[in-house]
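Heads up, data31.cif below (mmCIF, C-alpha atoms and all ligand atoms):
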data_my_file
loop_
_atom_site.label_atom_id
_atom_site.label_comp_id
_atom_site.auth_asym_id
_atom_site.auth_seq_id
_atom_site.Cartn_x
_atom_site.Cartn_y
_atom_site.Cartn_z
CA MET A 1 28.99 -37.71 -56.39
CA LYS A 2 25.40 -37.01 -55.39
CA SER A 3 25.06 -35.35 -51.97
CA LEU A 4 22.66 -33.39 -49.79
CA ALA A 5 24.30 -30.19 -48.62
CA LYS A 6 23.85 -26.88 -46.90
CA LEU A 7 24.66 -24.69 -49.89
CA LYS A 8 23.29 -21.34 -48.71
CA ALA A 9 23.20 -19.54 -45.36
CA GLU A 10 19.40 -19.73 -45.18
CA PRO A 11 16.74 -22.35 -44.29
CA GLY A 12 16.70 -25.44 -46.51
CA ILE A 13 18.89 -28.24 -47.84
CA TRP A 14 19.90 -28.90 -51.43
CA MET A 15 20.83 -31.86 -53.65
CA THR A 16 24.15 -31.20 -55.31
CA ASP A 17 27.12 -32.74 -57.06
CA SER A 18 30.20 -32.73 -54.79
CA GLU A 19 33.74 -34.12 -54.82
CA LYS A 20 34.08 -37.74 -53.71
CA PRO A 21 35.95 -37.51 -50.35
CA GLU A 22 39.62 -38.52 -50.27
CA MET A 23 40.76 -41.37 -48.08
CA GLY A 24 43.86 -41.11 -45.83
CA PRO A 25 46.02 -44.05 -44.66
CA ASN A 26 43.90 -44.62 -41.51
CA ASP A 27 40.50 -44.15 -43.15
CA LEU A 28 37.72 -46.21 -44.64
CA LEU A 29 35.70 -45.25 -47.72
CA ILE A 30 32.07 -46.20 -47.19
CA LYS A 31 29.38 -46.49 -49.86
CA ILE A 32 26.22 -45.18 -48.18
CA LYS A 33 23.06 -47.30 -48.37
CA LYS A 34 20.68 -45.80 -45.79
CA THR A 35 20.69 -42.55 -43.85
CA ALA A 36 18.40 -41.18 -41.16
CA ILE A 37 17.50 -37.58 -40.38
CA CYS A 38 18.62 -36.37 -36.94
CA GLY A 39 17.25 -33.50 -34.85
CA THR A 40 20.61 -31.84 -35.50
CA ASP A 41 19.96 -31.98 -39.26
CA ILE A 42 16.67 -30.19 -38.59
CA HIS A 43 18.53 -27.44 -36.68
CA ILE A 44 20.83 -27.12 -39.69
CA TYR A 45 17.88 -27.20 -42.10
CA ASN A 46 16.15 -24.42 -40.14
CA TRP A 47 19.42 -22.47 -40.00
CA ASP A 48 18.96 -21.59 -36.32
CA GLU A 49 21.39 -19.58 -34.19
CA TRP A 50 23.51 -22.65 -33.33
CA SER A 51 23.84 -23.70 -37.01
CA GLN A 52 24.77 -20.18 -38.11
CA LYS A 53 27.62 -20.20 -35.56
CA THR A 54 28.69 -23.82 -36.25
CA ILE A 55 28.17 -24.96 -39.84
CA PRO A 56 30.46 -23.76 -42.62
CA VAL A 57 28.73 -23.32 -45.99
CA PRO A 58 28.87 -25.23 -48.30
CA MET A 59 28.78 -28.42 -46.21
CA VAL A 60 27.59 -31.99 -46.84
CA VAL A 61 25.61 -32.82 -43.68
CA GLY A 62 24.19 -36.02 -42.09
CA HIS A 63 25.72 -38.43 -39.59
CA GLU A 64 23.22 -41.31 -39.14
CA TYR A 65 23.93 -44.01 -41.72
CA ALA A 66 24.70 -47.56 -42.74
CA GLY A 67 26.84 -48.57 -45.66
CA GLU A 68 29.44 -50.88 -47.09
CA VAL A 69 33.24 -50.63 -46.96
CA VAL A 70 34.54 -50.02 -50.51
CA GLY A 71 38.00 -48.65 -49.73
CA ILE A 72 40.56 -49.32 -46.99
CA GLY A 73 43.52 -47.07 -46.06
CA GLN A 74 46.94 -48.75 -46.16
CA GLU A 75 47.44 -48.60 -42.36
CA VAL A 76 44.01 -50.03 -41.50
CA ARG A 77 43.66 -53.51 -39.97
CA GLY A 78 40.54 -55.50 -39.17
CA PHE A 79 38.23 -54.46 -42.02
CA ASN A 80 37.48 -56.08 -45.37
CA ILE A 81 35.93 -54.79 -48.57
CA GLY A 82 32.20 -55.48 -48.38
CA ASP A 83 31.91 -55.22 -44.57
CA ARG A 84 28.58 -53.71 -43.50
CA VAL A 85 29.24 -50.80 -41.15
CA SER A 86 27.77 -47.84 -39.34
CA GLY A 87 30.02 -45.39 -37.52
CA GLU A 88 30.57 -43.20 -34.52
CA GLY A 89 30.02 -39.59 -35.58
CA HIS A 90 32.33 -38.07 -32.99
CA ILE A 91 35.88 -38.05 -34.33
CA THR A 92 38.24 -37.81 -31.37
CA CYS A 93 41.92 -36.81 -31.11
CA GLY A 94 43.36 -39.91 -29.43
CA HIS A 95 45.99 -37.92 -27.50
CA CYS A 96 44.16 -35.83 -24.88
CA ARG A 97 43.94 -37.12 -21.29
CA ASN A 98 40.38 -38.47 -21.68
CA CYS A 99 41.13 -40.23 -24.97
CA ARG A 100 44.24 -41.85 -23.49
CA ALA A 101 42.21 -42.97 -20.49
CA GLY A 102 39.70 -44.69 -22.81
CA ARG A 103 37.01 -42.05 -22.30
CA ARG A 104 36.84 -41.04 -25.91
CA HIS A 105 33.30 -39.63 -25.59
CA LEU A 106 34.83 -36.93 -23.34
CA CYS A 107 37.61 -35.96 -25.79
CA ASN A 108 38.52 -32.30 -25.62
CA ASN A 109 39.06 -32.05 -29.38
CA THR A 110 35.94 -33.70 -30.84
CA PHE A 111 34.90 -33.11 -34.45
CA GLY A 112 31.42 -34.02 -35.69
CA VAL A 113 30.71 -35.89 -38.94
CA GLY A 114 28.22 -33.77 -40.90
CA VAL A 115 28.81 -30.82 -38.55
CA ASP A 116 32.53 -29.96 -38.64
CA ARG A 117 33.48 -32.20 -41.58
CA ALA A 118 31.75 -33.78 -44.60
CA GLY A 119 28.81 -35.95 -43.61
CA SER A 120 26.88 -39.01 -44.69
CA PHE A 121 24.12 -37.52 -46.87
CA ALA A 122 26.21 -38.54 -49.85
CA GLU A 123 27.04 -41.52 -52.05
CA TYR A 124 30.40 -41.87 -50.26
CA LEU A 125 31.70 -41.06 -46.78
CA VAL A 126 35.26 -41.15 -45.41
CA ILE A 127 35.82 -41.70 -41.66
CA PRO A 128 38.78 -42.94 -39.60
CA ALA A 129 38.58 -46.75 -39.46
CA TYR A 130 38.65 -46.39 -35.67
CA ASN A 131 35.16 -44.86 -35.85
CA ALA A 132 33.57 -47.61 -37.94
CA PHE A 133 31.43 -50.29 -36.31
CA LYS A 134 30.99 -53.66 -38.02
CA LEU A 135 27.37 -54.78 -38.00
CA PRO A 136 26.21 -58.23 -36.96
CA ASP A 137 23.72 -59.97 -39.30
CA GLU A 138 20.80 -59.40 -36.90
CA VAL A 139 21.07 -55.65 -37.42
CA SER A 140 19.44 -54.54 -40.68
CA ASP A 141 20.75 -51.58 -42.67
CA GLU A 142 17.68 -49.52 -41.69
CA LEU A 143 18.25 -50.19 -38.02
CA ALA A 144 21.99 -49.55 -38.30
CA ALA A 145 21.18 -46.16 -39.82
CA ILE A 146 19.67 -45.11 -36.48
CA PHE A 147 22.46 -46.49 -34.27
CA ASP A 148 23.72 -42.97 -33.55
CA PRO A 149 20.50 -41.79 -31.76
CA PHE A 150 19.84 -45.30 -30.44
CA GLY A 151 23.30 -44.97 -28.88
CA ASN A 152 22.26 -41.74 -27.16
CA ALA A 153 19.26 -43.63 -25.74
CA VAL A 154 21.35 -46.62 -24.63
CA HIS A 155 24.15 -44.51 -23.15
CA THR A 156 21.60 -42.51 -21.13
CA ALA A 157 19.35 -45.40 -20.11
CA LEU A 158 22.21 -47.67 -19.02
CA SER A 159 23.91 -44.95 -16.94
CA PHE A 160 22.15 -46.26 -13.84
CA ASP A 161 20.87 -49.65 -12.71
CA LEU A 162 17.26 -49.97 -13.94
CA VAL A 163 16.37 -53.49 -12.78
CA GLY A 164 13.13 -53.31 -10.80
CA GLU A 165 13.26 -49.52 -10.75
CA ASP A 166 10.57 -46.96 -11.56
CA VAL A 167 11.81 -44.79 -14.41
CA LEU A 168 10.58 -41.39 -15.57
CA ILE A 169 11.52 -40.25 -19.09
CA THR A 170 10.70 -36.65 -20.01
CA GLY A 171 10.42 -36.15 -23.79
CA ALA A 172 9.04 -38.77 -26.18
CA GLY A 173 11.15 -37.78 -29.16
CA PRO A 174 12.76 -40.70 -31.02
CA ILE A 175 15.51 -40.90 -28.40
CA GLY A 176 13.15 -40.83 -25.40
CA ILE A 177 10.97 -43.53 -26.95
CA MET A 178 13.96 -45.78 -27.68
CA ALA A 179 15.16 -45.24 -24.10
CA ALA A 180 11.73 -46.37 -22.84
CA ALA A 181 12.00 -49.55 -24.91
CA VAL A 182 15.51 -50.20 -23.56
CA ALA A 183 14.44 -49.59 -19.95
CA LYS A 184 11.59 -52.13 -20.27
CA HIS A 185 13.84 -54.62 -22.04
CA VAL A 186 16.48 -54.56 -19.29
CA GLY A 187 13.96 -55.03 -16.49
CA ALA A 188 12.67 -51.70 -15.17
CA ARG A 189 9.32 -51.97 -13.32
CA HIS A 190 7.29 -48.91 -14.40
CA VAL A 191 8.50 -46.80 -17.29
CA VAL A 192 6.55 -43.55 -17.49
CA ILE A 193 7.26 -41.21 -20.41
CA THR A 194 5.95 -37.66 -20.89
CA ASP A 195 5.42 -35.38 -23.88
CA ILE A 196 2.82 -32.98 -25.25
CA ASN A 197 2.62 -34.63 -28.69
CA GLU A 198 -0.05 -37.39 -28.98
CA TYR A 199 1.48 -39.00 -32.07
CA ARG A 200 4.73 -39.57 -30.22
CA LEU A 201 3.05 -40.69 -27.00
CA ASP A 202 1.17 -43.33 -29.04
CA LEU A 203 4.45 -44.54 -30.48
CA ALA A 204 5.90 -44.77 -26.96
CA ARG A 205 2.95 -46.97 -25.88
CA LYS A 206 3.56 -49.23 -28.89
CA MET A 207 7.20 -49.56 -27.83
CA GLY A 208 6.45 -50.71 -24.32
CA ALA A 209 6.15 -47.68 -22.02
CA THR A 210 4.00 -48.51 -18.97
CA ARG A 211 2.31 -45.13 -19.28
CA ALA A 212 2.74 -42.36 -21.86
CA VAL A 213 1.53 -39.14 -20.29
CA ASN A 214 0.44 -35.97 -22.03
CA VAL A 215 1.52 -33.42 -19.43
CA SER A 216 -0.68 -30.73 -20.98
CA LYS A 217 -3.72 -32.83 -19.99
CA GLU A 218 -2.70 -35.18 -17.22
CA ASN A 219 -0.79 -34.78 -13.95
CA LEU A 220 2.20 -37.01 -13.13
CA LYS A 221 1.10 -37.28 -9.47
CA ASP A 222 -2.22 -38.86 -10.58
CA VAL A 223 -0.37 -41.32 -12.81
CA MET A 224 1.88 -42.29 -9.91
CA ASN A 225 -1.16 -42.83 -7.68
CA ASP A 226 -2.73 -45.04 -10.35
CA LEU A 227 0.42 -47.14 -10.51
CA GLY A 228 0.59 -47.42 -6.73
CA MET A 229 3.84 -45.48 -6.58
CA THR A 230 3.95 -43.83 -3.19
CA GLU A 231 7.48 -42.45 -3.06
CA GLY A 232 8.60 -41.20 -6.45
CA PHE A 233 10.77 -42.25 -9.37
CA ASP A 234 14.09 -43.97 -8.76
CA VAL A 235 15.67 -42.99 -12.07
CA GLY A 236 14.98 -40.01 -14.36
CA LEU A 237 16.08 -39.71 -18.00
CA GLU A 238 15.72 -36.12 -19.23
CA MET A 239 15.27 -36.23 -23.01
CA SER A 240 13.33 -33.08 -23.89
CA GLY A 241 15.64 -30.16 -23.16
CA VAL A 242 12.52 -28.35 -21.89
CA PRO A 243 12.89 -26.57 -18.48
CA MET A 244 9.27 -27.32 -17.46
CA ALA A 245 9.83 -31.04 -18.05
CA PHE A 246 13.01 -31.08 -15.94
CA ARG A 247 11.30 -29.21 -13.10
CA ASP A 248 8.47 -31.75 -13.22
CA MET A 249 11.07 -34.51 -12.99
CA LEU A 250 12.80 -32.95 -9.95
CA GLU A 251 9.39 -32.63 -8.27
CA ASN A 252 8.58 -36.32 -8.75
CA MET A 253 11.90 -38.03 -7.96
CA ASN A 254 12.30 -40.22 -4.91
CA ASN A 255 14.91 -39.30 -2.30
CA GLY A 256 18.27 -40.64 -3.47
CA GLY A 257 17.06 -40.71 -7.07
CA LYS A 258 19.42 -40.60 -10.04
CA ILE A 259 19.00 -38.46 -13.14
CA ALA A 260 20.76 -38.75 -16.50
CA MET A 261 20.46 -35.62 -18.66
CA LEU A 262 20.66 -35.89 -22.44
CA GLY A 263 18.22 -33.14 -23.56
CA ILE A 264 19.94 -29.87 -24.42
CA PRO A 265 18.14 -26.79 -23.10
CA GLY A 266 18.10 -23.84 -25.52
CA GLN A 267 19.46 -21.49 -22.85
CA ASP A 268 20.23 -21.17 -19.12
CA MET A 269 17.71 -23.10 -17.06
CA ALA A 270 16.70 -22.14 -13.52
CA ILE A 271 15.69 -24.95 -11.16
CA ASP A 272 14.84 -25.25 -7.47
CA TRP A 273 18.23 -26.50 -6.23
CA SER A 274 16.82 -27.26 -2.79
CA LYS A 275 15.03 -30.23 -4.45
CA VAL A 276 18.38 -31.60 -5.61
CA ILE A 277 19.94 -31.07 -2.18
CA PHE A 278 17.20 -32.24 0.19
CA LYS A 279 16.33 -35.23 -2.01
CA GLY A 280 20.01 -36.15 -2.28
CA LEU A 281 19.76 -36.50 -6.06
CA THR A 282 22.60 -37.51 -8.36
CA ILE A 283 22.60 -35.74 -11.75
CA LYS A 284 24.81 -36.92 -14.60
CA GLY A 285 25.24 -35.18 -17.98
CA ILE A 286 25.36 -37.45 -21.02
CA TYR A 287 27.15 -36.64 -24.27
CA GLY A 288 27.20 -38.86 -27.33
CA ARG A 289 27.94 -42.56 -27.00
CA GLU A 290 30.71 -44.39 -25.15
CA MET A 291 33.31 -45.62 -27.63
CA PHE A 292 32.69 -48.38 -28.12
CA GLU A 293 30.96 -49.88 -25.14
CA THR A 294 27.63 -48.28 -26.08
CA TRP A 295 27.95 -49.72 -29.61
CA TYR A 296 28.48 -53.25 -28.30
CA LYS A 297 25.50 -52.85 -25.97
CA MET A 298 23.33 -51.66 -28.87
CA ALA A 299 24.17 -54.67 -31.01
CA SER A 300 23.65 -57.02 -28.07
CA LEU A 301 20.31 -55.49 -27.14
CA ILE A 302 19.06 -56.11 -30.69
CA GLN A 303 20.52 -59.65 -30.64
CA SER A 304 18.74 -60.31 -27.35
CA GLY A 305 15.38 -59.45 -28.89
CA LEU A 306 14.80 -55.71 -28.40
CA ASP A 307 12.42 -54.68 -31.20
CA LEU A 308 13.03 -51.12 -32.35
CA SER A 309 11.24 -51.42 -35.69
CA PRO A 310 8.17 -49.28 -34.77
CA ILE A 311 10.38 -46.20 -34.23
CA ILE A 312 11.08 -46.06 -37.98
CA THR A 313 7.88 -44.45 -39.23
CA HIS A 314 8.85 -43.07 -42.66
CA HIS A 315 10.90 -44.22 -45.67
CA PHE A 316 11.79 -42.17 -48.76
CA PRO A 317 14.10 -42.64 -51.74
CA ILE A 318 16.85 -40.00 -51.51
CA ASP A 319 15.43 -37.98 -54.40
CA ASP A 320 12.34 -37.36 -52.22
CA PHE A 321 14.47 -35.97 -49.38
CA GLN A 322 12.25 -32.89 -49.03
CA GLN A 323 9.31 -35.11 -48.02
CA GLY A 324 11.56 -36.69 -45.41
CA PHE A 325 12.51 -33.32 -43.94
CA ASP A 326 8.85 -32.23 -44.02
CA ALA A 327 7.85 -35.36 -42.06
CA MET A 328 10.50 -34.56 -39.41
CA LEU A 329 9.48 -30.89 -39.31
CA SER A 330 5.83 -31.84 -38.71
CA GLY A 331 6.65 -33.48 -35.37
CA ASN A 332 4.40 -36.39 -36.39
CA SER A 333 7.20 -38.84 -36.99
CA GLY A 334 9.59 -41.22 -35.34
CA LYS A 335 12.76 -41.80 -37.34
CA VAL A 336 12.78 -41.02 -41.07
CA ILE A 337 14.99 -43.14 -43.35
CA LEU A 338 16.35 -41.89 -46.68
CA HIS A 339 17.36 -44.73 -49.04
CA TRP A 340 20.44 -44.25 -51.23
CA ASP A 341 20.46 -47.78 -52.70
P1 LIG A 401 13.07 -34.25 -30.05
O1 LIG A 401 13.12 -32.76 -30.16
O2 LIG A 401 12.52 -35.04 -31.18
O3 LIG A 401 12.31 -34.67 -28.71
C1 LIG A 401 12.01 -33.82 -27.66
C2 LIG A 401 10.58 -34.09 -27.25
O4 LIG A 401 10.27 -33.32 -26.08
C3 LIG A 401 9.56 -33.68 -28.32
O5 LIG A 401 8.77 -34.81 -28.70
C4 LIG A 401 8.73 -32.60 -27.62
O6 LIG A 401 7.36 -32.63 -28.01
C5 LIG A 401 8.91 -33.00 -26.15
N1 LIG A 401 8.48 -31.99 -25.19
C6 LIG A 401 8.22 -30.66 -25.38
N2 LIG A 401 7.76 -30.09 -24.24
C7 LIG A 401 7.71 -31.08 -23.30
C8 LIG A 401 7.31 -31.12 -21.93
N3 LIG A 401 6.88 -30.02 -21.29
N4 LIG A 401 7.37 -32.30 -21.28
C9 LIG A 401 7.81 -33.42 -21.91
N5 LIG A 401 8.20 -33.43 -23.22
C10 LIG A 401 8.15 -32.28 -23.90
O7 LIG A 401 14.57 -34.70 -29.75
P2 LIG A 401 15.35 -36.10 -29.85
O8 LIG A 401 16.00 -36.19 -31.17
O9 LIG A 401 14.51 -37.24 -29.37
O10 LIG A 401 16.48 -35.75 -28.77
C11 LIG A 401 16.13 -35.57 -27.42
C12 LIG A 401 16.97 -34.48 -26.77
O11 LIG A 401 18.33 -34.89 -26.66
C13 LIG A 401 17.01 -33.14 -27.52
O12 LIG A 401 17.02 -32.08 -26.57
C14 LIG A 401 18.34 -33.20 -28.25
O13 LIG A 401 18.86 -31.91 -28.51
C15 LIG A 401 19.18 -33.91 -27.23
N6 LIG A 401 20.36 -34.66 -27.74
C16 LIG A 401 21.45 -34.66 -26.95
C17 LIG A 401 22.55 -35.41 -27.31
C18 LIG A 401 23.73 -35.45 -26.42
O14 LIG A 401 24.76 -36.00 -26.81
N7 LIG A 401 23.62 -34.92 -25.21
C19 LIG A 401 22.54 -36.15 -28.51
C20 LIG A 401 21.38 -36.14 -29.29
C21 LIG A 401 20.29 -35.40 -28.90
ZN ZN A 402 40.88 -36.56 -27.29
#
Kindly return the structure encoded in the file as structure tokens.
Amino acid sequence: MKSLAKLKAEPGIWMTDSEKPEMGPNDLLIKIKKTAICGTDIHIYNWDEWSQKTIPVPMVVGHEYAGEVVGIGQEVRGFNIGDRVSGEGHITCGHCRNCRAGRRHLCNNTFGVGVDRAGSFAEYLVIPAYNAFKLPDEVSDELAAIFDPFGNAVHTALSFDLVGEDVLITGAGPIGIMAAAVAKHVGARHVVITDINEYRLDLARKMGATRAVNVSKENLKDVMNDLGMTEGFDVGLEMSGVPMAFRDMLENMNNGGKIAMLGIPGQDMAIDWSKVIFKGLTIKGIYGREMFETWYKMASLIQSGLDLSPIITHHFPIDDFQQGFDAMLSGNSGKVILHWD
């Protein structure tokens, strides 16, 4: 079958012919229709330090997708041929303490689709049926293809009560922008998002942010004054992984504020801990998506009218995958969809 794979231990990604994956008794075989390019795929494309340590070569990558069930393992219940699905990319063990307690996103033995095992940049994908999520009609294939990063946004944004709160989001990447849209949709008061990339800040404005602030030109304190905010932000969502951005957040939180951290810093990050202590802040790390509470919330948010369509800025047929990767690499993009159908 046709697939996009990491074939060589060097920057790039290649179209190749690979074996159709084999289905076990608890698996589904999915015919891929749409895929999206994740930041992780860009790390793998660039062949950075993390990828060199993590990704075996050759490897079919990709983990953001929508497709159709075309094969069902003999032990599987609850799915039919033709079901439209996306899927959770974290494959969990089911027997560790966290899994057994229903906290599958905290499994100690997690494997990643398109990272540790064959991914979705291919005509066919095999995953455990447990990981598949059936799509309601309101969710298009394009939108379903970005449910994985949308799930990161939803998991982070809904970690704390946002109703009537002032929310600061650092990092207007696709995930930060979707989090801003979610925060507005569920009833936050002011949603302020920061970045240093004008294209992305514009997109954040289109998707409902109260203010999208270029921190290389404008000061958060001035923005807060403009908005009549005298005390600081109630909730912070860190979505950049950039130390400067996190320090800025700590500086501008209200006493008793709550912070959810999704962004992954490249290395150790020093902060002024006295800010955390004297402000009485709560900081929560966020990994992946809750299985499957986050997925139900995502579908329901779309069904209740959340419009995510502006975040998809580019579409390419799969044979033009290089243009898709170039759009992502430029930084002037939201989500990029590659069409397999
Ligand atoms: P992204 O790299 O597209 O977005 C990060 C944004 O931060 C960029 O737009 C960049 O311009 C911006 N930025 C740079 N300097 C800044 C500054 N000083 N202030 C504010 N913003 C600044 O990434 P993404 O795909 O949207 O993901 C967001 C983050 O979440 C990344 O760090 C990613 O690695 C991480 N992530 C974590 C998980 C998890 O499970 N914890 C899952 C997916 C992604
Ligand atoms: Zn487990």
Let me have all residues with an atom within 10 Å of ligand ZN 402 (chain A), counting all atoms listed in the file, laid out as an mmCIF file with C-alpha atoms, in the coordinates of the input.
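The resulting file, out.cif, is reproduced below:
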data_model
loop_
_atom_site.group_PDB
_atom_site.id
_atom_site.type_symbol
_atom_site.label_atom_id
_atom_site.label_comp_id
_atom_site.auth_asym_id
_atom_site.auth_seq_id
_atom_site.Cartn_x
_atom_site.Cartn_y
_atom_site.Cartn_z
ATOM 1 C CA ILE A 91 35.880 -38.050 -34.330
ATOM 2 C CA THR A 92 38.240 -37.810 -31.370
ATOM 3 C CA CYS A 93 41.920 -36.810 -31.110
ATOM 4 C CA GLY A 94 43.360 -39.910 -29.430
ATOM 5 C CA HIS A 95 45.990 -37.920 -27.500
ATOM 6 C CA CYS A 96 44.160 -35.830 -24.880
ATOM 7 C CA ARG A 97 43.940 -37.120 -21.290
ATOM 8 C CA ASN A 98 40.380 -38.470 -21.680
ATOM 9 C CA CYS A 99 41.130 -40.230 -24.970
ATOM 10 C CA ARG A 100 44.240 -41.850 -23.490
ATOM 11 C CA ALA A 101 42.210 -42.970 -20.490
ATOM 12 C CA GLY A 102 39.700 -44.690 -22.810
ATOM 13 C CA ARG A 103 37.010 -42.050 -22.300
ATOM 14 C CA ARG A 104 36.840 -41.040 -25.910
ATOM 15 C CA HIS A 105 33.300 -39.630 -25.590
ATOM 16 C CA LEU A 106 34.830 -36.930 -23.340
ATOM 17 C CA CYS A 107 37.610 -35.960 -25.790
ATOM 18 C CA ASN A 108 38.520 -32.300 -25.620
ATOM 19 C CA ASN A 109 39.060 -32.050 -29.380
ATOM 20 C CA THR A 110 35.940 -33.700 -30.840
ATOM 21 C CA PHE A 111 34.900 -33.110 -34.450
#
**Request:** Have a look at CA of Ile337 (chain A) and CA of His315 (chain A) and let me know their distance in Å, one decimal.
**Result:**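 Computed distance, CA of Ile337 (chain A) to CA of His315 (chain A), equals 4.8 Å.
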**Request:** With all atoms listed in the file counted, collect every polymer residue having an atom within 7 Å of ligand LIG 401 (chain A); state the result as number ranges by chain.
**Result:** A: 38-39, 149, 152, 170-176, 194-197, 200, 215, 239-242, 244-245, 262-265, 286-288
**Message:** For region 72-89 of chain A, find every residue with an atom within 7 Å (counting all atoms listed in the file), except residues of its own chain fewer than 5 positions away, and show them as a PyMOL selection string.
**Reply:** chain A and resi 23-29+63+65-67+112-113+129+131-135+144-145+148
**Request:** Find, counting all atoms listed in the file, the residue in A:Lys258, A:His314, A:Lys33, A:Lys297 that gets nearest to Lys284 (chain A).
**Result:**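 Closest to Lys284 (chain A), using all atoms listed in the file: A:Lys258.
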**Prompt:** Hey, which of A:Val70, A:Glu293, A:Lys206, A:Pro11 ends up closest to Ala181 (chain A)? Count all atoms listed in the file.
**Reply:**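 Ranked by minimum distance to Ala181 (chain A), first place goes to A:Lys206.
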**Request:** Work out how far apart CA of Tyr130 (chain A) and CA of Thr54 (chain A) are and give it in Å to one decimal.
**Result:**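 Separation between CA of Tyr130 (chain A) and CA of Thr54 (chain A): 24.7 Å.
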**Item:** Which residue of A:Ile32, A:Leu301, A:Ile13, A:Val126 approaches Ala153 (chain A) most closely, using only C-alpha atoms
**Value:**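 The shortest atom-to-atom distance to Ala153 (chain A) comes from A:Leu301.
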**Request:** Can you pull out every residue within 12 Å of Ile277 (chain A), counting only C-alpha atoms, but drop anything in the same chain fewer than 4 positions away, and send it as a list in words?
**Result:** Leu250, Asn255, Gly256, Gly257, Ile271, Asp272, Trp273, Leu281, Thr282 and Ile283 of chain A
**Message:** Between CA of Ile177 (chain A) and CA of Gly208 (chain A), what distance in Å does the model show, to one decimal?
**Reply:**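 Separation of CA of Ile177 (chain A) and CA of Gly208 (chain A): 8.9 Å.
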